[in-house]
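Everything below belongs to my_file20.cif, which stores mmCIF, C-alpha atoms.
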data_query
loop_
_atom_site.label_atom_id
_atom_site.label_comp_id
_atom_site.auth_asym_id
_atom_site.auth_seq_id
_atom_site.Cartn_x
_atom_site.Cartn_y
_atom_site.Cartn_z
CA MET A 1 0.00 0.00 0.00
CA THR A 2 1.89 2.99 -1.26
CA ASP A 3 -1.04 5.06 -2.54
CA ALA A 4 -1.77 8.33 -0.83
CA VAL A 5 -4.99 8.44 1.18
CA VAL A 6 -4.84 12.23 1.35
CA THR A 7 -3.20 14.55 -1.19
CA THR A 8 -3.24 18.29 -0.72
CA THR A 9 -1.85 21.00 -2.98
CA GLY A 10 -1.50 24.55 -1.72
CA LEU A 11 -4.44 23.89 0.58
CA THR A 12 -5.50 27.07 2.36
CA LYS A 13 -8.39 27.90 4.66
CA ARG A 14 -9.21 31.41 5.83
CA TYR A 15 -11.93 32.53 8.19
CA GLY A 16 -12.42 36.18 7.32
CA ARG A 17 -8.97 37.69 7.75
CA ARG A 18 -7.60 34.90 9.88
CA THR A 19 -5.66 32.16 8.10
CA ALA A 20 -6.22 28.78 9.76
CA LEU A 21 -4.28 26.71 7.25
CA SER A 22 -1.76 28.10 4.83
CA ASP A 23 -0.42 26.62 1.60
CA CYS A 24 -0.42 23.03 2.80
CA THR A 25 1.03 20.54 0.32
CA LEU A 26 1.46 16.95 1.40
CA ASP A 27 0.78 13.31 0.62
CA ILE A 28 -0.34 11.01 3.39
CA PRO A 29 0.53 7.42 2.47
CA ALA A 30 -1.98 4.64 3.07
CA GLY A 31 -1.66 2.00 5.77
CA HIS A 32 -0.15 4.26 8.38
CA VAL A 33 -1.18 5.62 11.73
CA VAL A 34 -0.47 9.28 11.20
CA GLY A 35 0.09 11.76 14.01
CA LEU A 36 -0.90 15.36 13.40
CA VAL A 37 0.91 17.40 16.03
CA GLY A 38 1.01 21.08 16.80
CA PRO A 39 0.12 23.59 19.46
CA ASN A 40 -3.49 24.64 19.98
CA GLY A 41 -4.69 26.85 17.16
CA ALA A 42 -2.09 25.54 14.70
CA GLY A 43 -4.73 24.38 12.22
CA LYS A 44 -5.02 20.69 13.09
CA SER A 45 -8.81 20.65 13.36
CA THR A 46 -9.10 22.71 10.21
CA LEU A 47 -7.00 20.21 8.26
CA LEU A 48 -9.03 17.27 9.61
CA GLN A 49 -12.33 18.99 8.83
CA LEU A 50 -11.16 19.78 5.30
CA THR A 51 -10.21 16.11 4.98
CA CYS A 52 -13.66 14.84 5.90
CA GLY A 53 -15.47 17.49 3.86
CA LEU A 54 -16.96 19.46 6.75
CA LEU A 55 -15.06 22.50 5.47
CA THR A 56 -14.31 23.60 1.92
CA PRO A 57 -10.93 25.12 1.03
CA THR A 58 -10.47 28.84 0.43
CA ALA A 59 -7.70 28.00 -2.02
CA GLY A 60 -5.79 24.98 -3.21
CA ALA A 61 -7.03 21.43 -3.56
CA ILE A 62 -7.52 18.32 -1.47
CA GLU A 63 -8.18 14.78 -2.60
CA VAL A 64 -9.12 12.05 -0.15
CA LEU A 65 -9.16 8.40 -1.24
CA GLY A 66 -8.99 9.61 -4.82
CA GLU A 67 -11.99 11.96 -4.67
CA THR A 68 -13.04 15.37 -3.42
CA PRO A 69 -14.14 14.87 0.17
CA HIS A 70 -17.82 15.28 0.97
CA THR A 71 -19.65 15.00 4.27
CA GLY A 72 -21.37 11.75 5.05
CA SER A 73 -18.95 9.69 2.99
CA PRO A 74 -19.13 6.08 4.16
CA ARG A 75 -15.44 5.73 3.32
CA ILE A 76 -14.31 8.17 6.00
CA GLY A 77 -14.83 7.84 9.75
CA PHE A 78 -14.49 11.02 11.78
CA VAL A 79 -14.41 11.45 15.53
CA ALA A 80 -14.62 15.16 16.28
CA GLN A 81 -12.99 16.82 19.28
CA ASP A 82 -14.65 16.23 22.64
CA THR A 83 -16.14 12.97 21.27
CA PRO A 84 -19.69 14.14 20.67
CA VAL A 85 -22.43 11.72 21.63
CA TYR A 86 -26.10 12.41 22.32
CA GLY A 87 -26.46 12.61 26.07
CA HIS A 88 -30.13 11.68 26.26
CA LEU A 89 -29.83 8.68 23.92
CA THR A 90 -28.77 5.25 25.15
CA VAL A 91 -25.75 3.31 23.91
CA ALA A 92 -28.12 1.01 21.99
CA ASP A 93 -29.83 4.06 20.40
CA HIS A 94 -26.45 5.22 19.14
CA LEU A 95 -25.80 1.86 17.50
CA ARG A 96 -29.26 1.84 15.89
CA PHE A 97 -28.66 5.38 14.68
CA GLY A 98 -25.30 4.34 13.20
CA ALA A 99 -26.82 1.32 11.47
CA HIS A 100 -29.58 3.47 10.02
CA LEU A 101 -27.22 6.11 8.63
CA ASN A 102 -24.51 3.84 7.28
CA PRO A 103 -25.11 1.27 4.56
CA GLY A 104 -21.88 -0.60 5.34
CA TRP A 105 -22.57 -0.77 9.11
CA ASP A 106 -20.83 -3.69 10.81
CA LYS A 107 -23.39 -4.61 13.46
CA ALA A 108 -21.37 -7.53 14.80
CA LEU A 109 -18.25 -5.40 15.23
CA ALA A 110 -20.18 -2.64 17.01
CA GLU A 111 -21.94 -5.01 19.42
CA GLU A 112 -18.79 -7.00 20.10
CA ARG A 113 -16.88 -3.85 20.97
CA ILE A 114 -19.62 -2.55 23.26
CA ALA A 115 -19.64 -5.91 25.05
CA GLU A 116 -15.83 -5.98 25.32
CA LEU A 117 -15.88 -2.50 26.81
CA GLY A 118 -18.47 -3.62 29.32
CA LEU A 119 -20.89 -0.85 28.34
CA ASP A 120 -24.55 -1.33 29.23
CA PRO A 121 -26.60 -0.84 26.02
CA ALA A 122 -29.46 0.65 28.07
CA GLN A 123 -27.19 3.30 29.63
CA ARG A 124 -27.73 6.90 28.55
CA ALA A 125 -24.62 8.33 26.87
CA GLY A 126 -24.78 11.38 29.12
CA LYS A 127 -24.11 9.13 32.12
CA LEU A 128 -20.97 7.55 30.66
CA SER A 129 -17.48 8.48 31.83
CA GLY A 130 -15.23 10.47 29.51
CA GLY A 131 -13.32 7.34 28.57
CA GLN A 132 -16.51 5.41 27.85
CA ARG A 133 -17.90 8.25 25.73
CA ALA A 134 -14.67 8.31 23.72
CA GLN A 135 -14.88 4.55 23.24
CA LEU A 136 -18.52 4.83 22.12
CA ALA A 137 -17.63 7.55 19.60
CA LEU A 138 -14.74 5.39 18.32
CA THR A 139 -17.07 2.39 18.02
CA LEU A 140 -19.54 4.41 15.94
CA ALA A 141 -16.74 5.60 13.65
CA ILE A 142 -15.14 2.19 13.08
CA ALA A 143 -18.38 0.22 12.70
CA LYS A 144 -18.83 2.20 9.46
CA ARG A 145 -15.80 0.19 8.33
CA PRO A 146 -14.19 3.29 6.85
CA GLU A 147 -11.06 3.21 4.69
CA LEU A 148 -9.77 6.27 6.51
CA LEU A 149 -10.32 7.08 10.16
CA LEU A 150 -9.84 10.68 11.36
CA LEU A 151 -9.65 11.50 15.06
CA ASP A 152 -9.43 15.04 16.40
CA GLU A 153 -7.65 15.13 19.80
CA PRO A 154 -9.20 11.80 20.77
CA VAL A 155 -7.34 11.33 24.05
CA ALA A 156 -6.79 14.91 25.20
CA ALA A 157 -9.58 14.83 27.77
CA LEU A 158 -8.94 11.30 29.04
CA ASP A 159 -7.15 10.14 32.18
CA PRO A 160 -4.02 7.98 31.63
CA LEU A 161 -5.82 4.66 31.99
CA ALA A 162 -8.69 5.60 29.67
CA ARG A 163 -6.10 6.99 27.26
CA ARG A 164 -4.20 3.72 27.21
CA GLU A 165 -7.39 1.70 26.78
CA PHE A 166 -8.54 3.93 23.94
CA LEU A 167 -5.23 3.56 22.09
CA GLN A 168 -5.20 -0.20 22.70
CA GLY A 169 -8.63 -0.50 21.06
CA LEU A 170 -7.66 1.78 18.21
CA MET A 171 -4.41 -0.09 17.47
CA ALA A 172 -6.12 -3.47 17.64
CA TYR A 173 -8.63 -2.23 15.10
CA ALA A 174 -5.91 -0.78 12.84
CA ALA A 175 -3.93 -4.04 13.04
CA GLU A 176 -6.92 -6.17 12.13
CA HIS A 177 -8.35 -4.09 9.32
CA GLY A 178 -5.33 -2.19 7.99
CA THR A 179 -7.33 1.04 8.11
CA SER A 180 -5.37 4.26 7.62
CA VAL A 181 -5.65 6.48 10.67
CA VAL A 182 -4.94 10.19 11.11
CA MET A 183 -5.11 11.50 14.66
CA SER A 184 -4.26 14.89 16.07
CA SER A 185 -2.85 15.87 19.42
CA HIS A 186 -1.07 18.82 20.95
CA LEU A 187 0.99 16.34 22.98
CA VAL A 188 3.65 14.30 21.20
CA ALA A 189 3.79 11.87 24.10
CA ASP A 190 0.23 10.74 23.29
CA LEU A 191 1.20 9.79 19.78
CA GLU A 192 4.78 8.61 20.13
CA ARG A 193 4.05 4.92 20.49
CA VAL A 194 1.17 4.61 18.10
CA CYS A 195 2.18 6.71 15.09
CA ASP A 196 4.58 5.71 12.35
CA TYR A 197 4.08 8.87 10.32
CA LEU A 198 4.12 12.41 11.62
CA ILE A 199 2.93 15.80 10.45
CA VAL A 200 4.02 18.83 12.46
CA LEU A 201 1.74 21.82 12.03
CA VAL A 202 2.72 25.15 13.58
CA GLY A 203 1.17 28.56 12.94
CA SER A 204 -1.09 27.26 10.13
CA ARG A 205 1.82 25.76 8.20
CA VAL A 206 3.19 22.24 7.83
CA ARG A 207 6.74 22.42 9.22
CA VAL A 208 7.80 18.84 8.63
CA HIS A 209 6.18 15.56 7.72
CA GLY A 210 7.43 12.07 7.13
CA ASP A 211 7.97 8.55 8.31
CA VAL A 212 8.76 8.63 12.05
CA GLU A 213 11.85 6.44 11.78
CA GLU A 214 13.18 8.46 8.90
CA LEU A 215 12.61 11.68 10.84
CA LEU A 216 14.42 10.28 13.86
CA GLY A 217 17.28 9.05 11.68
CA THR A 218 17.85 12.35 9.90
CA HIS A 219 17.66 14.80 12.80
CA HIS A 220 20.65 15.45 15.01
CA ARG A 221 21.42 17.70 17.93
CA LEU A 222 24.85 19.26 17.60
CA THR A 223 26.69 20.99 20.40
CA GLY A 224 30.06 22.65 20.10
CA PRO A 225 31.99 25.88 20.44
CA ARG A 226 30.01 28.90 19.32
CA ARG A 227 29.99 29.35 15.56
CA ASP A 228 27.89 30.43 12.62
CA PRO A 229 25.36 27.72 11.65
CA GLY A 230 25.87 28.78 8.01
CA THR A 231 29.23 26.99 7.98
CA LEU A 232 27.66 23.54 8.33
CA GLY A 233 27.77 22.75 4.64
CA ALA A 234 25.31 21.78 1.95
CA GLY A 235 22.44 19.37 2.52
CA ARG A 236 22.08 20.33 6.14
CA HIS A 237 19.08 22.26 7.23
CA VAL A 238 19.27 24.04 10.58
CA VAL A 239 15.90 23.59 12.26
CA GLN A 240 16.77 25.44 15.40
CA ALA A 241 19.81 27.22 16.73
CA SER A 242 20.60 28.64 20.13
CA HIS A 243 23.81 30.19 21.30
CA THR A 244 25.44 31.19 24.55
CA ASP A 245 28.60 33.31 24.53
CA VAL A 246 30.76 30.20 24.15
CA GLN A 247 28.55 27.43 22.86
CA SER A 248 26.18 26.73 19.99
CA THR A 249 23.41 24.13 20.12
CA LEU A 250 21.77 23.24 16.84
CA VAL A 251 19.05 20.90 15.72
CA VAL A 252 19.89 19.91 12.18
CA ARG A 253 18.15 17.87 9.54
CA SER A 254 20.67 16.00 7.46
CA THR A 255 20.55 12.73 5.58
CA ALA A 256 24.30 12.25 5.91
CA PRO A 257 25.78 11.80 9.39
CA VAL A 258 27.54 14.85 10.78
CA ASP A 259 31.17 13.74 11.16
CA ASP A 260 32.77 17.13 11.92
CA PRO A 261 34.73 16.34 15.12
CA SER A 262 34.21 19.84 16.56
CA TRP A 263 30.51 18.99 17.02
CA ALA A 264 29.17 16.50 19.49
CA SER A 265 26.24 14.85 17.74
CA ASP A 266 23.25 13.27 19.51
CA ARG A 267 20.04 11.69 18.39
CA LEU A 268 16.75 13.33 19.29
CA ASP A 269 13.62 11.63 20.50
CA LEU A 270 10.34 12.46 18.83
CA GLU A 271 9.29 14.96 21.47
CA ASP A 272 12.53 16.94 21.17
CA LEU A 273 12.25 16.85 17.42
CA VAL A 274 8.74 18.28 17.43
CA LEU A 275 9.64 20.86 20.07
CA ALA A 276 12.56 21.98 17.91
CA TYR A 277 10.17 22.78 15.06
CA MET A 278 7.73 24.47 17.41
CA THR A 279 10.30 26.64 19.17
CA ALA A 280 12.03 27.43 15.89
CA GLU A 281 8.75 29.04 14.92
CA ALA A 282 8.31 30.86 18.23
CA GLY A 283 11.85 32.22 18.02
CA ALA A 284 11.59 33.33 14.42
CA ASP A 285 11.87 36.98 15.43
CA GLY A 286 15.63 36.53 15.34
CA ARG A 287 16.38 36.62 19.05
CA ASP A 288 18.70 33.98 20.37
CA ARG A 289 16.82 31.74 22.69
CA VAL A 290 18.12 29.50 25.37
CA LEU A 291 15.95 26.43 25.22
CA GLU A 292 15.19 24.10 27.96
CA LYS A 293 13.41 20.83 27.87
CA ARG A 294 10.35 20.91 30.06
CA MET B 1 3.29 -17.40 25.40
CA ILE B 2 5.07 -14.26 26.48
CA GLU B 3 3.71 -10.78 27.11
CA PHE B 4 5.49 -7.70 25.84
CA HIS B 5 5.92 -4.43 27.67
CA LEU B 6 7.45 -1.15 26.67
CA ASP B 7 9.68 1.31 28.46
CA ALA B 8 8.90 4.67 26.89
CA ARG B 9 11.75 6.44 28.67
CA SER B 10 14.54 3.99 27.84
CA GLY B 11 15.48 5.68 24.57
CA VAL B 12 15.56 2.26 22.90
CA ALA B 13 13.36 2.08 19.79
CA PRO B 14 10.12 0.18 20.53
CA TYR B 15 10.74 -2.48 17.87
CA LEU B 16 14.18 -3.15 19.38
CA GLN B 17 12.62 -3.51 22.81
CA LEU B 18 10.29 -6.20 21.45
CA ILE B 19 13.22 -8.00 19.82
CA GLN B 20 15.24 -7.84 23.05
CA GLN B 21 12.32 -9.27 25.01
CA VAL B 22 12.01 -12.22 22.63
CA ARG B 23 15.75 -12.87 22.74
CA HIS B 24 15.71 -12.59 26.50
CA ALA B 25 12.84 -15.08 26.76
CA LEU B 26 14.73 -17.43 24.43
CA ARG B 27 17.86 -17.18 26.59
CA LEU B 28 15.93 -17.90 29.74
CA GLY B 29 14.09 -20.77 28.10
CA LEU B 30 10.70 -19.06 28.53
CA LEU B 31 10.27 -19.52 24.80
CA LYS B 32 11.20 -22.78 23.13
CA GLU B 33 11.26 -24.09 19.62
CA GLY B 34 7.72 -24.45 18.32
CA ASP B 35 6.21 -21.86 20.67
CA ARG B 36 3.96 -19.25 19.11
CA LEU B 37 4.57 -15.52 19.55
CA PRO B 38 1.54 -13.33 20.32
CA THR B 39 -0.28 -12.14 17.19
CA VAL B 40 0.26 -8.56 16.07
CA LYS B 41 -3.26 -7.72 17.13
CA ASP B 42 -2.68 -9.20 20.60
CA VAL B 43 0.51 -7.20 21.04
CA VAL B 44 -0.92 -3.85 19.97
CA ALA B 45 -4.10 -4.44 21.98
CA ARG B 46 -1.94 -4.91 25.04
CA VAL B 47 0.93 -2.47 24.59
CA ALA B 48 -0.91 0.19 22.53
CA ILE B 49 1.77 0.59 19.87
CA ASN B 50 1.75 0.86 16.12
CA PRO B 51 1.10 -2.48 14.35
CA ASN B 52 3.97 -1.81 11.94
CA THR B 53 6.34 -1.70 14.92
CA VAL B 54 5.43 -5.28 15.82
CA LEU B 55 5.64 -6.41 12.20
CA LYS B 56 9.09 -4.87 11.95
CA ALA B 57 10.28 -6.64 15.10
CA TYR B 58 8.93 -9.98 13.88
CA ARG B 59 10.51 -9.51 10.45
CA GLU B 60 13.84 -8.78 12.09
CA LEU B 61 13.56 -11.89 14.28
CA GLU B 62 12.73 -13.89 11.19
CA TYR B 63 15.77 -12.47 9.41
CA GLU B 64 17.89 -13.57 12.37
CA GLY B 65 16.48 -17.06 11.93
CA LEU B 66 14.84 -17.13 15.35
CA VAL B 67 11.20 -17.25 14.25
CA GLN B 68 9.20 -18.28 11.23
CA PRO B 69 5.76 -17.03 10.22
CA ARG B 70 3.24 -19.67 9.17
CA PRO B 71 0.48 -18.05 7.14
CA GLY B 72 -2.84 -18.14 8.92
CA LEU B 73 -1.37 -19.72 12.04
CA GLY B 74 1.01 -17.18 13.53
CA THR B 75 4.72 -16.69 14.12
CA PHE B 76 6.64 -19.58 15.65
CA VAL B 77 9.98 -19.93 17.37
CA THR B 78 12.41 -21.96 15.26
CA ARG B 79 15.56 -21.79 17.33
CA THR B 80 16.44 -21.39 20.95
CA LEU B 81 19.22 -19.32 22.44
CA ALA B 82 19.38 -21.07 25.80
CA GLY B 83 21.53 -24.04 24.79
CA ASP B 84 24.83 -22.27 24.20
CA ASP B 85 26.75 -24.09 26.97
CA GLU B 86 30.08 -22.53 26.13
CA ALA B 87 28.76 -18.98 26.60
CA ILE B 88 26.97 -19.85 29.83
CA ALA B 89 30.10 -21.57 31.17
CA ALA B 90 32.06 -18.38 30.54
CA HIS B 91 29.69 -16.32 32.73
CA GLY B 92 31.19 -17.42 36.06
CA PRO B 93 34.86 -16.54 35.45
CA LEU B 94 33.92 -13.28 33.69
CA ARG B 95 31.72 -12.28 36.60
CA ARG B 96 34.58 -12.96 39.06
CA GLU B 97 36.97 -10.80 37.04
CA LEU B 98 34.43 -8.03 36.91
CA THR B 99 33.85 -8.23 40.66
CA ASP B 100 37.63 -7.97 41.25
CA TRP B 101 37.74 -4.98 38.94
CA LEU B 102 34.85 -3.29 40.77
CA GLY B 103 36.73 -3.79 44.02
CA ARG B 104 39.81 -2.08 42.58
CA ALA B 105 37.67 0.76 41.21
CA ARG B 106 36.10 1.32 44.62
CA ALA B 107 39.54 1.21 46.26
CA ALA B 108 40.71 3.87 43.81
CA GLY B 109 37.91 6.15 45.04
CA LEU B 110 35.36 5.82 42.22
CA ASP B 111 31.70 6.07 43.25
CA ASP B 112 28.76 4.29 41.55
CA GLU B 113 28.29 7.01 38.96
CA ASP B 114 32.00 7.09 38.10
CA VAL B 115 32.01 3.33 37.63
CA GLU B 116 28.94 3.38 35.46
CA ALA B 117 30.26 6.22 33.31
CA LEU B 118 33.59 4.46 32.88
CA LEU B 119 31.94 1.17 31.95
CA THR B 120 29.58 2.80 29.49
CA SER B 121 32.22 4.87 27.74
CA THR B 122 34.67 1.95 27.55
CA PHE B 123 31.95 -0.33 26.24
CA ARG B 124 30.98 2.24 23.62
CA GLU B 125 34.57 2.74 22.48
CA PHE B 126 35.08 -1.00 22.32
CA SER B 127 31.92 -1.51 20.23
CA GLU B 128 32.74 1.36 17.92
CA GLU B 129 36.27 0.08 17.36
CA ARG B 130 34.93 -3.32 16.49
CA ALA B 131 32.30 -1.90 14.19
CA GLY B 132 34.99 0.24 12.56
CA ARG B 133 37.19 -2.77 11.98
CA ARG B 134 34.34 -4.68 10.39
CA GLY B 135 33.22 -1.75 8.20
#

Mind converting the file's structure to structure tokens?
Amino acid sequence: MTDAVVTTTGLTKRYGRRTALSDCTLDIPAGHVVGLVGPNGAGKSTLLQLTCGLLTPTAGAIEVLGETPHTGSPRIGFVAQDTPVYGHLTVADHLRFGAHLNPGWDKALAEERIAELGLDPAQRAGKLSGGQRAQLALTLAIAKRPELLLLDEPVAALDPLARREFLQGLMAYAAEHGTSVVMSSHLVADLERVCDYLIVLVGSRVRVHGDVEELLGTHHRLTGPRRDPGTLGAGRHVVQASHTDVQSTLVVRSTAPVDDPSWASDRLDLEDLVLAYMTAEAGADGRDRVLEKR
Amino acid sequence: MIEFHLDARSGVAPYLQLIQQVRHALRLGLLKEGDRLPTVKDVVARVAINPNTVLKAYRELEYEGLVQPRPGLGTFVTRTLAGDDEAIAAHGPLRRELTDWLGRARAAGLDDEDVEALLTSTFREFSEERAGRRG
């Protein structure tokens, strides 16, 4: 599976004078669990809503599963932020509702999942815990048997146990059905274990995207005596630079290993990598910044 | 059957952690020839990691000749690591030498952190030299 599930070209969304997503061009390959990371307000929800057809672009183009996205597509499952369910309807009502609206509804899968989760079908959704509501919303989305599953901040509001259980269920589903998944979060730690493809969105722009292992393999943290980052040589992109009076610390993207002995080179973990792109943006006013890991 | 777990803070790539846990279980005899590894779905449903991570670990183990997938049935252990008598026999003397060395290090005034740092850096140099010689 090498086809792209989502292809965007110059995709832009503006609300009045505010730009929510700016000139976004990317291919999301099929068969991956894709993490969409960025601070709040970066444009993650906008990109997801453009992908499922809830929004239309101001400029540029988007193709999802080979067609222009439209709402209500049975091929796309979408779990919006804050996992919306109908508080006064029971769990069983939700399943009936889902079956009624979706021609490809997998009744067995839905009922099996509800049983596995230990949810009482007669329970009103409004009485469920946050974790249970999230699991119900996920069940409704996957019982459609979509080819692409989109989740907007699915675990942000959950406690650590509910978070783990939610991701366990999601990964089991992805493993069994090979469904492509795109999920957003403002916390890298939530996505680190489950994603094998990453998109970093900061200030309405895609800063970096790619296979997680490739990203980890091509980013290095260099520390050494203070010097001009411009002297690093061709093929090396400085993501972030900070300097003290004697020392320079750089995060560099480079396919070749950095073998200059005056630099000490370290690998970055995914969180540091994402933070480098985020702080590079925050520090773009030219000031030197001394960065600390939280 | 073994159960996998993951240490998110270890800095070791998740697929390598899975491989290490299989190797470890093979060394300890927890896994024997003919035993089945958990299915990919079982692993991700327990550890909450990406399915491709598990597939990658299993492929690597297959490449090392330790396991063999049987379509429709699962992934099975084909070789054990426990039976290497020569290596196990070497443990005792090596451990005694290391204990002597630790005694000398302590006598020279090194504390736990010094010892660990020295061991790690020596080990790294040693590995790099070897890798360099091979490359």

Counting all atoms listed in the file, collect the residues of chain A whose closest atom lies at most 8 Å from chain B, and write them out as a PDB file with C-alpha atoms, in the frame of the given file.
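Resulting contents of part.pdb:
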ATOM      1  CA  VAL A  33      -1.180   5.620  11.730  1.00  0.00           C
ATOM      2  CA  ARG A 164      -4.200   3.720  27.210  1.00  0.00           C
ATOM      3  CA  GLU A 165      -7.390   1.700  26.780  1.00  0.00           C
ATOM      4  CA  LEU A 167      -5.230   3.560  22.090  1.00  0.00           C
ATOM      5  CA  GLN A 168      -5.200  -0.200  22.700  1.00  0.00           C
ATOM      6  CA  GLY A 169      -8.630  -0.500  21.060  1.00  0.00           C
ATOM      7  CA  MET A 171      -4.410  -0.090  17.470  1.00  0.00           C
ATOM      8  CA  ALA A 172      -6.120  -3.470  17.640  1.00  0.00           C
ATOM      9  CA  TYR A 173      -8.630  -2.230  15.100  1.00  0.00           C
ATOM     10  CA  ALA A 174      -5.910  -0.780  12.840  1.00  0.00           C
ATOM     11  CA  ALA A 175      -3.930  -4.040  13.040  1.00  0.00           C
ATOM     12  CA  GLU A 176      -6.920  -6.170  12.130  1.00  0.00           C
ATOM     13  CA  ARG A 193       4.050   4.920  20.490  1.00  0.00           C
ATOM     14  CA  VAL A 194       1.170   4.610  18.100  1.00  0.00           C
ATOM     15  CA  CYS A 195       2.180   6.710  15.090  1.00  0.00           C
ATOM     16  CA  ASP A 196       4.580   5.710  12.350  1.00  0.00           C
ATOM     17  CA  ASP A 269      13.620  11.630  20.500  1.00  0.00           C
TER      18      ASP A 269
END

Original post:
When the PyMOL selection byres ((chain A and resi 7-9) around 10) is applied to the file above, which residues end up in the set, as a list in words?
Top reply: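 Selection result, ordered by chain and number: Asp3, Ala4, Val5, Val6, Gly10, Leu11, Thr12, Asp23, Cys24, Thr25, Leu26, Asp27, Ile28, Pro29, Leu47, Thr51, Ala59, Gly60, Ala61, Ile62, Glu63, Val64, Leu65, Gly66 and Glu67 of chain A.
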
**OP:** Do a neighbour search on stretch 68-77 of chain B at 10 Å with only C-alpha atoms, toss out local chain neighbours closer than 3 positions, and write the hits as a list in words.
**Re:** Val22, Leu26, Leu31, Lys32, Glu33, Gly34, Asp35, Arg36, Leu37, Pro38, Thr39, Val40, Tyr58, Arg59, Leu61, Glu62, Tyr63, Glu64, Gly65 and Thr80 of chain B

Stretch 117-121 of chain A surroundings by all atoms listed in the file, 10 Å radius, close-in-sequence under 5 positions cut, as a CSV table (one decimal) with C-alpha atoms, in the coordinates of the input:
chain,number,residue,atom,x,y,z
A,90,THR,CA,-28.8,5.2,25.2
A,91,VAL,CA,-25.8,3.3,23.9
A,92,ALA,CA,-28.1,1.0,22.0
A,93,ASP,CA,-29.8,4.1,20.4
A,94,HIS,CA,-26.4,5.2,19.1
A,95,LEU,CA,-25.8,1.9,17.5
A,111,GLU,CA,-21.9,-5.0,19.4
A,112,GLU,CA,-18.8,-7.0,20.1
A,128,LEU,CA,-21.0,7.6,30.7
A,132,GLN,CA,-16.5,5.4,27.8
A,133,ARG,CA,-17.9,8.2,25.7
A,135,GLN,CA,-14.9,4.6,23.2
A,136,LEU,CA,-18.5,4.8,22.1
A,165,GLU,CA,-7.4,1.7,26.8
A,169,GLY,CA,-8.6,-0.5,21.1

What box, with edges along x, y and z, holds each listed atom of stretch 140-143 of chain A when 3 Å is added on every side, and can you state its centre and edge lengths in Å to one decimal, as AutoDock Vina command-line options?
--center_x -17.3 --center_y 2.9 --center_z 14.3 --size_x 10.4 --size_y 11.4 --size_z 9.2

Subject >> Residue neighbourhood B:Leu28, 9 Å, all atoms listed in the file, exclusion window fewer than 3 positions, as a PyMOL selection string >> reply: chain B and resi 23-25+31+81-82

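When atom CA of A:Ser45 is paired with atom CA of A:Ser73, their separation reads 18.2 Å.
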
**OP:** To one decimal in Å, tell me the separation between atom CA of A:Asp190 and atom CA of A:Leu275.
**Re:** 14.2 Å

Original post:
At what distance in Å, to one decimal, does atom CA of B:Asp111 lie from atom CA of B:Leu98?
Top reply: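 Value for the atom CA of B:Leu98-atom CA of B:Asp111 distance: 15.7 Å.
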
**OP:** With a distance cut-off of 8 Å and all atoms listed in the file, select the neighbouring residues of A:Tyr197, excluding the residue or stretch itself and same-chain residues fewer than 5 positions from it, and output the selection as a list in words.
**Re:** His32, Val33, Val34, Gly35, His209, Gly210, Asp211 and Val212 of chain A

Can you spit out the residues from that selection as a tab-separated table (two decimals), keeping the file's coordinate frame, using C-alpha atoms?
chain	number	residue	atom	x	y	z
A	32	HIS	CA	-0.15	4.26	8.38
A	33	VAL	CA	-1.18	5.62	11.73
A	34	VAL	CA	-0.47	9.28	11.20
A	35	GLY	CA	0.09	11.76	14.01
A	209	HIS	CA	6.18	15.56	7.72
A	210	GLY	CA	7.43	12.07	7.13
A	211	ASP	CA	7.97	8.55	8.31
A	212	VAL	CA	8.76	8.63	12.05

Subject >> Distance criterion (all atoms listed in the file): nearest to A:Leu161 out of A:Gly131, A:Ala125, A:Val252, A:Val238 >> reply: A:Gly131
